[in-house]
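Here's the structure we're looking at; comments come further down.
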Amino acid sequence: MMVTRNLSIVAVMLVMMPLLTIVPRATRRNNEADNMASKLYSFTVKTIDGKDRSLAEYKGKVVLIVNVASECGFTPQYKGLQEIYQKYKEKGFVILGFPSNDFGAQEPGTDPEIKQFCESKYSVTFDMFSKIDVKGSDQAPLYKYLTSECDVHHDITWNFNKFLVDRSGNVVNYFPSKVTPTDTTLTKRIEELLVSQK
């Protein structure tokens with residue numbers, strides 16, 4: 001009788017074992033996603049005015065992170081960036097512009113010069129940050145994360161590469177320089193994230 005009962009218990013455990021292995025795996029994936037999102041929010045960066053800003057301030061926003069330059073063939077994309085910022089900002093969309101001199105030395109100016117150029121030439125009102133390195137040995141920690149650690153990691157190939165972040169802090173898309181800010185490939189994705197994550 002005892003043997004039969006023990007065999008029944010073993011049989012039940014064998015049936016349950018696949019379920020026991022599946023649940024922790026799913027939980028682990030969720031935890032990993034949460035950790036990746038919280039990693040983005042752990043960075044503190046310098047604004048173009050020299051003040052520290054934690055990316056945690058953007059929790060709950062859909063964020064477009066762009067490395068920018070003032071003397072590049074893609075520089076007119078500032079106009080499109082400002083357009084989509086104006087169009088979607090009331091719905092929870094922000095743009096973070098990071099000037100960089102890494103490609104063709106096309107951002108030689110100082111932070112005040114870059115700010116003046118952006119405001120006078122393109123009427124930029126989205127958030128701009130201090131000039132940084134987006135590649136190489138002096139690569140900024142945020143860009144080290146974007147290029148090697150996040151789920152959508154991608155090398156920065158030129159000025160005006162774009163990373164799109166959802167409201168939970170997950171990097172969900174990468175767009176190369178040739179994808180303009182007003183390209184429907186990008187704007188449709190922004191709209192999807194704004195609607196699906198209200």
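In the structure tokens, chains take letters A, B, ... by order of appearance, with residues numbered from 1 within each chain and ligands from 1 in the order shown.
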With region 83-97 of chain A as the partner and 9 Å as the cut-off, tabulate the residues of region 44-74 of chain A that qualify, each row holding the nearest pair of atoms and their distance in Å to one decimal, using only C-alpha atoms, sorted by chain and rising number, as a Markdown table.
| residue | atom | partner | partner_atom | distance |
| --- | --- | --- | --- | --- |
| A:Tyr58 | CA | A:Val94 | CA | 8.1 |
| A:Gly60 | CA | A:Gly92 | CA | 7.6 |
| A:Lys61 | CA | A:Gly92 | CA | 5.1 |
| A:Val62 | CA | A:Phe93 | CA | 4.8 |
| A:Val63 | CA | A:Val94 | CA | 5.0 |
| A:Leu64 | CA | A:Ile95 | CA | 4.8 |
| A:Ile65 | CA | A:Leu96 | CA | 4.9 |
| A:Val66 | CA | A:Gly97 | CA | 5.1 |
| A:Asn67 | CA | A:Gly97 | CA | 5.9 |
| A:Val68 | CA | A:Gly97 | CA | 6.2 |
Mind dumping the selected residues with N, CA and C atoms as a PDB file, in the first residue's frame?
ATOM      1  N   TYR A  58      12.587  60.226 -17.554  1.00  0.00           N
ATOM      2  CA  TYR A  58      11.799  59.925 -18.751  1.00  0.00           C
ATOM      3  C   TYR A  58      10.961  58.657 -18.623  1.00  0.00           C
ATOM      4  N   GLY A  60       7.987  56.330 -18.349  1.00  0.00           N
ATOM      5  CA  GLY A  60       6.616  56.527 -18.797  1.00  0.00           C
ATOM      6  C   GLY A  60       6.502  57.259 -20.121  1.00  0.00           C
ATOM      7  N   LYS A  61       7.636  57.676 -20.707  1.00  0.00           N
ATOM      8  CA  LYS A  61       7.644  58.366 -21.994  1.00  0.00           C
ATOM      9  C   LYS A  61       8.129  57.421 -23.092  1.00  0.00           C
ATOM     10  N   VAL A  62       7.685  57.676 -24.316  1.00  0.00           N
ATOM     11  CA  VAL A  62       8.300  57.053 -25.488  1.00  0.00           C
ATOM     12  C   VAL A  62       9.447  57.972 -25.894  1.00  0.00           C
ATOM     13  N   VAL A  63      10.657  57.412 -26.005  1.00  0.00           N
ATOM     14  CA  VAL A  63      11.865  58.222 -26.165  1.00  0.00           C
ATOM     15  C   VAL A  63      12.586  57.865 -27.470  1.00  0.00           C
ATOM     16  N   LEU A  64      13.016  58.883 -28.193  1.00  0.00           N
ATOM     17  CA  LEU A  64      13.876  58.691 -29.363  1.00  0.00           C
ATOM     18  C   LEU A  64      15.243  59.281 -29.034  1.00  0.00           C
ATOM     19  N   ILE A  65      16.276  58.442 -29.054  1.00  0.00           N
ATOM     20  CA  ILE A  65      17.641  58.869 -28.743  1.00  0.00           C
ATOM     21  C   ILE A  65      18.410  58.982 -30.063  1.00  0.00           C
ATOM     22  N   VAL A  66      18.989  60.161 -30.314  1.00  0.00           N
ATOM     23  CA  VAL A  66      19.635  60.432 -31.606  1.00  0.00           C
ATOM     24  C   VAL A  66      21.003  61.072 -31.392  1.00  0.00           C
ATOM     25  N   ASN A  67      22.022  60.562 -32.088  1.00  0.00           N
ATOM     26  CA  ASN A  67      23.323  61.251 -32.087  1.00  0.00           C
ATOM     27  C   ASN A  67      23.338  62.239 -33.248  1.00  0.00           C
ATOM     28  N   VAL A  68      23.591  63.506 -32.945  1.00  0.00           N
ATOM     29  CA  VAL A  68      23.402  64.587 -33.915  1.00  0.00           C
ATOM     30  C   VAL A  68      24.718  65.316 -34.209  1.00  0.00           C
TER      31      VAL A  68
END
I'd like the contact shell of Thr157 (chain A) - 10 Å cut-off, only C-alpha atoms, skipping same-chain residues fewer than 6 positions apart - returned as a list in words.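 Answer for this query is Phe103, Val134, Lys135, Pro176 and Ser177 of chain A.
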Contacts between region 42-54 of chain A and region 95-158 of chain A, please, where a residue of region 95-158 of chain A counts if it comes within 7 Å (with only C-alpha atoms); show its shortest atom pair and distance in Å to one decimal, rows by chain and ascending number, as a Markdown table.
| residue | atom | partner | partner_atom | distance |
| --- | --- | --- | --- | --- |
| A:Asp111 | CA | A:Ile48 | CA | 5.7 |
| A:Lys115 | CA | A:Ile48 | CA | 7.0 |
| A:Met128 | CA | A:Ile48 | CA | 5.6 |
| A:Phe129 | CA | A:Thr47 | CA | 4.0 |
| A:Ser130 | CA | A:Ile48 | CA | 4.2 |
| A:Leu142 | CA | A:Phe43 | CA | 6.6 |
Write the residues of the preceding selection, restricted to C-alpha atoms, as a PDB file, in the first residue's frame.
ATOM      1  CA  ASP A 111      27.935  73.077 -26.252  1.00  0.00           C
ATOM      2  CA  LYS A 115      22.687  75.034 -28.678  1.00  0.00           C
ATOM      3  CA  MET A 128      19.682  68.424 -26.097  1.00  0.00           C
ATOM      4  CA  PHE A 129      22.705  67.143 -24.211  1.00  0.00           C
ATOM      5  CA  SER A 130      26.401  67.829 -23.889  1.00  0.00           C
ATOM      6  CA  LEU A 142      24.809  55.307 -22.420  1.00  0.00           C
TER       7      LEU A 142
END
Can you pull out every residue from region 99-173 of chain A that DSSP, working from the backbone, puts in strand (DSSP E), and format the result as a list in words? Pro99, Asp127, Met128, Lys162, Phe163, Leu164, Val165, Val171, Val172 and Asn173 of chain A
Those same residues, written as a PDB file, in the first residue's frame with N, CA and C atoms?
ATOM      1  N   PRO A  99      24.892  65.473 -29.304  1.00  0.00           N
ATOM      2  CA  PRO A  99      25.895  65.881 -30.288  1.00  0.00           C
ATOM      3  C   PRO A  99      27.158  65.034 -30.163  1.00  0.00           C
ATOM      4  N   ASP A 127      14.934  68.034 -25.947  1.00  0.00           N
ATOM      5  CA  ASP A 127      16.070  68.015 -25.024  1.00  0.00           C
ATOM      6  C   ASP A 127      17.391  67.711 -25.737  1.00  0.00           C
ATOM      7  N   MET A 128      18.343  68.598 -25.539  1.00  0.00           N
ATOM      8  CA  MET A 128      19.682  68.424 -26.097  1.00  0.00           C
ATOM      9  C   MET A 128      20.679  68.243 -24.954  1.00  0.00           C
ATOM     10  N   LYS A 162      19.256  56.359 -34.763  1.00  0.00           N
ATOM     11  CA  LYS A 162      18.129  56.571 -33.853  1.00  0.00           C
ATOM     12  C   LYS A 162      17.759  55.283 -33.123  1.00  0.00           C
ATOM     13  N   PHE A 163      17.581  55.405 -31.805  1.00  0.00           N
ATOM     14  CA  PHE A 163      17.089  54.300 -30.978  1.00  0.00           C
ATOM     15  C   PHE A 163      15.743  54.713 -30.392  1.00  0.00           C
ATOM     16  N   LEU A 164      14.758  53.842 -30.534  1.00  0.00           N
ATOM     17  CA  LEU A 164      13.422  54.125 -30.007  1.00  0.00           C
ATOM     18  C   LEU A 164      13.187  53.296 -28.748  1.00  0.00           C
ATOM     19  N   VAL A 165      12.698  53.959 -27.713  1.00  0.00           N
ATOM     20  CA  VAL A 165      12.510  53.347 -26.391  1.00  0.00           C
ATOM     21  C   VAL A 165      11.043  53.425 -26.011  1.00  0.00           C
ATOM     22  N   VAL A 171      14.559  49.353 -25.104  1.00  0.00           N
ATOM     23  CA  VAL A 171      14.954  49.799 -26.438  1.00  0.00           C
ATOM     24  C   VAL A 171      14.327  48.821 -27.433  1.00  0.00           C
ATOM     25  N   VAL A 172      13.428  49.309 -28.275  1.00  0.00           N
ATOM     26  CA  VAL A 172      12.633  48.407 -29.120  1.00  0.00           C
ATOM     27  C   VAL A 172      12.954  48.496 -30.606  1.00  0.00           C
ATOM     28  N   ASN A 173      13.584  49.581 -31.054  1.00  0.00           N
ATOM     29  CA  ASN A 173      13.914  49.709 -32.472  1.00  0.00           C
ATOM     30  C   ASN A 173      15.171  50.541 -32.678  1.00  0.00           C
TER      31      ASN A 173
END
Considering only C-alpha atoms, return as an NGL selection string whatever protein or nucleic-acid residues lie within 12 Å of Asn101 (chain A), sequence-local ones (same chain, fewer than 4 positions apart) excluded. :A and (67-72 or 105-111 or 114 or 130-136 or 139 or 158-160)
Measuring atom to atom with only C-alpha atoms, identify which of A:Ala56, A:Leu81, A:Ile156, A:Leu194 is nearest to Tyr143 (chain A).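 Once distances to Tyr143 (chain A) are computed over only C-alpha atoms, the minimum belongs to A:Ile156.
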Run DSSP on the backbone and give me the residues of region 18-122 of chain A it puts in helix (DSSP H, G or I), as a PyMOL selection string. chain A and resi 18-40+55-58+77-91+111-122
Now that the selection is made, can you save its residues with C-alpha atoms as a PDB file, in the first residue's frame?
ATOM      1  CA  PRO A  18       7.766  20.245 -17.170  1.00  0.00           C
ATOM      2  CA  LEU A  19       5.473  22.866 -15.639  1.00  0.00           C
ATOM      3  CA  LEU A  20       7.952  23.520 -12.881  1.00  0.00           C
ATOM      4  CA  THR A  21      10.720  24.171 -15.411  1.00  0.00           C
ATOM      5  CA  ILE A  22       8.591  26.380 -17.670  1.00  0.00           C
ATOM      6  CA  VAL A  23       7.416  28.842 -15.028  1.00  0.00           C
ATOM      7  CA  PRO A  24      10.860  29.847 -13.722  1.00  0.00           C
ATOM      8  CA  ARG A  25      12.107  30.294 -17.306  1.00  0.00           C
ATOM      9  CA  ALA A  26       9.282  32.724 -18.103  1.00  0.00           C
ATOM     10  CA  THR A  27       9.863  34.558 -14.848  1.00  0.00           C
ATOM     11  CA  ARG A  28      13.549  34.787 -15.629  1.00  0.00           C
ATOM     12  CA  ARG A  29      12.819  36.326 -19.050  1.00  0.00           C
ATOM     13  CA  ASN A  30      10.520  38.915 -17.430  1.00  0.00           C
ATOM     14  CA  ASN A  31      13.154  39.743 -14.824  1.00  0.00           C
ATOM     15  CA  GLU A  32      15.804  40.141 -17.531  1.00  0.00           C
ATOM     16  CA  ALA A  33      13.536  42.537 -19.467  1.00  0.00           C
ATOM     17  CA  ASP A  34      12.877  44.553 -16.292  1.00  0.00           C
ATOM     18  CA  ASN A  35      16.618  44.709 -15.587  1.00  0.00           C
ATOM     19  CA  MET A  36      17.383  45.940 -19.107  1.00  0.00           C
ATOM     20  CA  ALA A  37      14.748  48.667 -18.790  1.00  0.00           C
ATOM     21  CA  SER A  38      15.942  49.738 -15.359  1.00  0.00           C
ATOM     22  CA  LYS A  39      19.511  49.822 -16.740  1.00  0.00           C
ATOM     23  CA  LEU A  40      18.551  52.582 -19.180  1.00  0.00           C
ATOM     24  CA  LEU A  55      17.230  59.283 -17.586  1.00  0.00           C
ATOM     25  CA  ALA A  56      14.830  58.056 -14.902  1.00  0.00           C
ATOM     26  CA  GLU A  57      13.066  61.396 -15.482  1.00  0.00           C
ATOM     27  CA  TYR A  58      11.799  59.925 -18.751  1.00  0.00           C
ATOM     28  CA  GLN A  77      16.942  66.048 -40.044  1.00  0.00           C
ATOM     29  CA  TYR A  78      16.825  68.478 -37.107  1.00  0.00           C
ATOM     30  CA  LYS A  79      13.782  69.961 -38.856  1.00  0.00           C
ATOM     31  CA  GLY A  80      12.017  66.591 -38.999  1.00  0.00           C
ATOM     32  CA  LEU A  81      12.956  65.789 -35.415  1.00  0.00           C
ATOM     33  CA  GLN A  82      11.416  69.049 -34.243  1.00  0.00           C
ATOM     34  CA  GLU A  83       8.292  68.334 -36.344  1.00  0.00           C
ATOM     35  CA  ILE A  84       7.636  64.920 -34.821  1.00  0.00           C
ATOM     36  CA  TYR A  85       8.439  66.224 -31.352  1.00  0.00           C
ATOM     37  CA  GLN A  86       5.813  68.951 -31.771  1.00  0.00           C
ATOM     38  CA  LYS A  87       3.331  66.435 -33.179  1.00  0.00           C
ATOM     39  CA  TYR A  88       3.623  63.805 -30.448  1.00  0.00           C
ATOM     40  CA  LYS A  89       4.945  65.542 -27.322  1.00  0.00           C
ATOM     41  CA  GLU A  90       1.494  66.013 -25.771  1.00  0.00           C
ATOM     42  CA  LYS A  91       0.964  62.235 -26.043  1.00  0.00           C
ATOM     43  CA  ASP A 111      27.935  73.077 -26.252  1.00  0.00           C
ATOM     44  CA  PRO A 112      26.832  76.765 -26.257  1.00  0.00           C
ATOM     45  CA  GLU A 113      27.594  77.003 -29.993  1.00  0.00           C
ATOM     46  CA  ILE A 114      25.633  73.821 -30.725  1.00  0.00           C
ATOM     47  CA  LYS A 115      22.687  75.034 -28.678  1.00  0.00           C
ATOM     48  CA  GLN A 116      22.667  78.403 -30.455  1.00  0.00           C
ATOM     49  CA  PHE A 117      22.852  76.705 -33.873  1.00  0.00           C
ATOM     50  CA  CYS A 118      19.989  74.306 -33.105  1.00  0.00           C
ATOM     51  CA  GLU A 119      17.717  77.014 -31.746  1.00  0.00           C
ATOM     52  CA  SER A 120      18.418  79.658 -34.399  1.00  0.00           C
ATOM     53  CA  LYS A 121      18.566  77.390 -37.458  1.00  0.00           C
ATOM     54  CA  TYR A 122      15.947  74.739 -36.621  1.00  0.00           C
TER      55      TYR A 122
END
To one decimal in Å, tell me the separation between CA of Asp155 (chain A) and CA of Phe175 (chain A).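 Between CA of Asp155 (chain A) and CA of Phe175 (chain A) the gap works out to 11.2 Å.
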When distances are computed from only C-alpha atoms, which of A:Asp183, A:Asp166, A:Asp151, A:Glu192 shows the smallest separation from Lys59 (chain A)?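 Residue with the minimum atom-to-atom distance to Lys59 (chain A): A:Asp166.
Proximity to Val195 (chain A) was assessed for A:Pro141, A:Arg167, A:Pro76, A:Phe98 counting only C-alpha atoms; the smallest distance is recorded for A:Arg167.
Interatomic distance, CA of Lys178 (chain A) to CA of Ser100 (chain A): 17.5 Å.
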Between CA of Phe74 (chain A) and CA of Gly104 (chain A), what is the distance, to one decimal in Å?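 Separation of CA of Phe74 (chain A) and CA of Gly104 (chain A): 12.3 Å.
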